[in-house]
Each structure stands twice: as structure tokens, then as C-alpha cells.
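final12.tsv follows (TSV, C-alpha atoms):
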chain	number	residue	atom	x	y	z
N	193	VAL	CA	75.05	75.93	132.05
N	194	MET	CA	73.29	74.87	128.86
N	195	SER	CA	75.06	72.70	126.35
N	196	SER	CA	75.01	73.58	122.68
N	197	THR	CA	72.62	70.73	121.80
N	198	SER	CA	70.10	71.77	124.46
N	199	ARG	CA	70.28	75.37	123.15
N	200	LEU	CA	69.52	74.12	119.63
N	201	VAL	CA	66.57	72.10	120.90
N	202	SER	CA	65.21	75.08	122.82
N	203	LEU	CA	65.59	77.37	119.78
N	204	SER	CA	63.89	74.87	117.47
N	205	GLN	CA	60.93	74.57	119.88
N	206	ALA	CA	60.44	78.34	119.99
N	207	SER	CA	57.31	79.51	118.22
N	208	GLY	CA	57.85	82.27	115.67
N	209	PRO	CA	60.88	84.13	114.35
N	210	GLU	CA	60.70	86.88	116.98
N	211	LYS	CA	61.96	84.54	119.66
N	212	VAL	CA	64.98	83.36	117.65
N	213	ALA	CA	67.93	85.72	117.69
N	214	THR	CA	69.37	86.60	114.30
N	215	PRO	CA	72.84	85.23	113.65
N	216	GLN	CA	75.72	87.62	114.07
N	217	GLY	CA	76.54	89.40	110.82
N	218	LEU	CA	73.11	88.87	109.23
N	219	LEU	CA	71.43	92.16	108.43
N	220	SER	CA	67.71	92.61	108.32
N	221	GLN	CA	66.03	94.19	105.28
N	222	TYR	CA	65.86	97.58	107.03
N	223	GLU	CA	69.54	97.46	108.05
N	224	ARG	CA	70.60	96.53	104.48
N	225	SER	CA	68.77	99.48	102.94
N	226	GLU	CA	70.26	101.78	105.59
N	227	ALA	CA	73.78	100.46	104.86
N	228	ARG	CA	73.29	101.17	101.12
N	229	SER	CA	72.21	104.75	101.81
N	230	VAL	CA	75.33	105.32	103.91
N	231	GLN	CA	77.54	104.07	101.06
N	232	ARG	CA	76.23	106.69	98.66
N	233	VAL	CA	78.82	109.43	98.49
N	234	SER	CA	78.08	112.91	97.32
N	235	ALA	CA	79.89	114.36	94.33
N	236	SER	CA	81.87	116.79	96.47
N	237	ASP	CA	83.02	113.98	98.75
N	238	ASN	CA	84.01	111.97	95.70
N	239	ALA	CA	86.00	114.91	94.30
N	240	ALA	CA	87.73	115.42	97.65
N	241	LEU	CA	88.57	111.72	97.79
N	242	LYS	CA	90.01	111.85	94.26
N	243	GLN	CA	92.07	114.90	95.23
N	244	LYS	CA	93.38	113.14	98.34
N	245	ARG	CA	94.32	110.00	96.42
N	246	ALA	CA	96.01	112.05	93.68
N	247	TRP	CA	98.17	113.73	96.34
N	248	ALA	CA	99.03	110.33	97.82
N	249	LEU	CA	100.08	109.13	94.37
N	250	ALA	CA	102.09	112.30	93.77
N	251	LYS	CA	104.05	111.81	97.00
N	252	GLN	CA	104.69	108.11	96.38
N	253	PRO	CA	108.15	108.58	94.76
N	254	VAL	CA	109.57	109.78	98.09
N	255	MET	CA	109.90	106.16	99.21
N	256	THR	CA	111.48	105.30	95.86
N	257	ILE	CA	114.09	108.01	96.41
N	258	ILE	CA	114.90	106.72	99.88
N	259	THR	CA	115.08	103.10	98.74
N	260	SER	CA	117.13	103.95	95.67
N	261	SER	CA	119.56	106.05	97.71
N	262	PHE	CA	120.03	103.21	100.18
N	263	MET	CA	120.61	100.69	97.38
N	264	MET	CA	123.11	102.98	95.67
N	265	TRP	CA	124.97	103.32	98.97
N	266	LEU	CA	125.04	99.53	99.35
N	267	ILE	CA	126.52	98.82	95.92
N	268	VAL	CA	129.66	100.85	96.75
N	269	SER	CA	131.96	102.20	94.06
N	270	SER	CA	132.81	99.20	91.95
N	271	LEU	CA	131.27	98.11	88.71
N	272	HIS	CA	129.72	94.63	88.87
N	273	ILE	CA	126.72	92.92	87.31
N	274	PHE	CA	124.54	93.84	90.32
N	275	THR	CA	125.66	97.44	90.14
N	276	ILE	CA	124.71	97.60	86.47
N	277	GLY	CA	121.29	96.10	87.24
N	278	PHE	CA	120.58	98.55	90.05
N	279	LEU	CA	121.78	101.48	87.99
N	280	TRP	CA	119.63	100.43	85.04
N	281	MET	CA	116.53	100.19	87.21
N	282	SER	CA	117.25	103.49	88.96
N	283	LEU	CA	117.52	105.22	85.59
N	284	LYS	CA	114.75	103.40	83.70
N	285	ASN	CA	111.93	103.51	86.28
N	286	PRO	CA	111.83	107.32	86.77
N	287	VAL	CA	111.94	107.88	83.01
N	288	GLN	CA	109.06	105.45	82.50
N	289	ALA	CA	107.08	107.11	85.29
N	290	ILE	CA	107.66	110.58	83.82
N	291	LEU	CA	106.52	109.44	80.38
N	292	SER	CA	103.36	107.86	81.80
N	293	ILE	CA	102.20	110.79	83.96
N	294	PRO	CA	98.99	111.44	81.95
N	295	ALA	CA	97.97	107.79	82.12
N	296	THR	CA	98.89	107.55	85.80
N	297	PHE	CA	96.70	110.47	86.82
N	298	ALA	CA	93.86	109.84	84.33
N	299	ARG	CA	91.54	108.21	86.87
N	300	TYR	CA	91.84	111.19	89.21
N	301	LYS	CA	90.72	113.80	86.68
N	302	ASP	CA	87.65	115.72	87.67
N	303	GLU	CA	85.95	118.84	86.35
N	304	SER	CA	85.79	120.40	89.82
N	305	HIS	CA	89.54	120.49	90.39
N	306	SER	CA	92.84	120.42	88.55
N	307	ILE	CA	95.41	117.70	89.10
N	308	LEU	CA	98.25	119.76	87.64
N	309	PRO	CA	99.87	120.47	91.05
N	310	GLN	CA	99.95	116.75	91.82
N	311	GLN	CA	101.46	116.02	88.42
N	312	ILE	CA	104.15	118.67	88.93
N	313	VAL	CA	105.07	117.27	92.36
N	314	PHE	CA	105.17	113.75	90.90
N	315	PHE	CA	107.40	114.96	88.05
N	316	LEU	CA	109.81	116.75	90.39
N	317	LEU	CA	110.08	113.78	92.72
N	318	GLN	CA	110.75	111.48	89.77
N	319	LEU	CA	113.51	113.88	88.65
N	320	CYS	CA	115.01	113.61	92.15
N	321	SER	CA	114.85	109.83	91.87
N	322	LEU	CA	116.55	110.00	88.48
N	323	SER	CA	119.24	112.28	89.89
N	324	VAL	CA	120.15	109.63	92.50
N	325	GLY	CA	120.95	107.19	89.68
N	326	LEU	CA	122.82	109.82	87.68
N	327	TYR	CA	124.87	110.78	90.74
N	328	LYS	CA	125.89	107.15	91.21
N	329	CYS	CA	126.83	106.94	87.52
N	330	LEU	CA	128.98	110.04	87.99
N	331	ASN	CA	130.68	108.52	91.04
N	332	LEU	CA	131.39	105.31	89.15
N	333	GLY	CA	132.96	107.28	86.30
N	334	LEU	CA	130.28	106.36	83.77
N	335	LEU	CA	129.43	110.01	83.08
N	336	PRO	CA	131.99	112.55	81.92
N	337	ASN	CA	133.01	115.24	84.38
N	338	PRO	CA	135.33	118.28	84.11
N	339	VAL	CA	138.30	116.29	85.40
N	340	ASP	CA	138.15	114.16	82.24
N	341	TRP	CA	138.88	117.20	80.04
N	342	PHE	CA	141.81	118.67	81.95
N	343	GLY	CA	144.26	116.52	80.02
N	344	GLU	CA	143.09	117.98	76.71
N	345	THR	CA	143.68	121.59	77.73
N	346	SER	CA	147.14	123.05	77.69
N	347	SER	CA	148.48	125.43	80.24
N	348	PRO	CA	148.63	129.04	79.08
N	349	SER	CA	151.89	130.23	77.63
N	350	PHE	CA	153.94	132.99	79.19
N	351	LEU	CA	152.61	135.62	76.76
N	352	GLU	CA	149.00	134.59	77.46
N	353	THR	CA	149.46	135.05	81.17
N	354	LEU	CA	150.86	138.55	80.68
N	355	LEU	CA	147.71	139.73	78.92
Take the structure in the file and give it back as C-alpha cells.
Amino acid sequence: VMSSTSRLVSLSQASGPEKVATPQGLLSQYERSEARSVQRVSASDNAALKQKRAWALAKQPVMTIITSSFMMWLIVSSLHIFTIGFLWMSLKNPVQAILSIPATFARYKDESHSILPQQIVFFLLQLCSLSVGLYKCLNLGLLPNPVDWFGETSSPSFLETLL
């Protein structure tokens, strides 16, 4: 068994660089040029990668819908400061995301393919996310519903029911 100091002495006494092993992680000149050539991506691969990332971005609101639904379930049916904060965020964030769709998908634009399907999916999922907040507002009584207007209508008179 050689100690580390004796290994250093034996490596320093070696004549020429061919006898010294290259450190782990150090690439030779040939290996570096080969690694650069591997990193070059063709235009079609780049377009496919952009398409894949655009779809990933378009499907991202699914987690927002799940999280928002869970948070709306947790805040129950009473109006408190936390409820107002959660409701505000569940209504504001989808609207902001819908208004910024062109800027959100700008880096994925390419002449070889259209990103309109991804934008439509993103828009529809954001509408679903917005509907979770609106549903909670309806359950809390913050939005008008048909029950609110029953008091303003009168029951039909006897003559109206005969016709």
C-alpha cells in the first residue's frame, strides 16, 4: 500500500507527461473540441425543443388549479382577512397570466411551427383557474346568484295563472 506522499514523489520523478495520468475531470484538447461539436444542435432539434418547452409551459396552470382548489377548500365558507387574500390572488393571477400570453410565449416563437395551440391550452387552463376563484366567491355570497332576485319578483296573480 502506497501512501499519498510516496505516490506524489513517484509521479514527480516520472519522465514526461505520458506517464502522468490526467486528473479526473480535465479534458484534453481533442476531447474539448469533441464536446463542443456534440453541443451544436441542429435547427430542427432546436425547433422541437422549443415546441416541447412551449407545451410544458402551456400545461403549467394545471398545478395552479390543483393548488388553488385545495386552498379554497381549506379557507372554508367564512369571510376573513386570509380568505380575502387567497381570493384576491386566485382572481388576479389568472387574469395577469391571460393578459401576458404574448409575452410569455414570445421566446418560443419559431417560423417552422405555430405556438397557437399551446397559447389556447394555456388560456383555457387559466380560465379554469379563474373559475375556481369565482366559484368560491359565489359560495361566499360575494357574487349575485338567482336566489338573490327571488325577493324582488312577485308571485303571479290568479288571472295570470289562468292564461
task = Excluding region 312-324 of chain N and any residue of its chain fewer than 6 positions from it, enumerate the residues within 6 Å of it, using all atoms listed in the file, and give them as a ChimeraX atom specification.
result = /N:250,253,257,283,286
ask   = Leaving out region 242-248 of chain N and any residue of its chain fewer than 2 positions from it, which residues lie within 12 Å of it when counting all atoms listed in the file, given as a PyMOL selection string?
value = chain N and resi 235-240+250-255+293+296-314
12 Å contact set for region 271-282 of chain N, all atoms listed in the file, chain neighbours under 6 positions out, as a count of residues only = 30
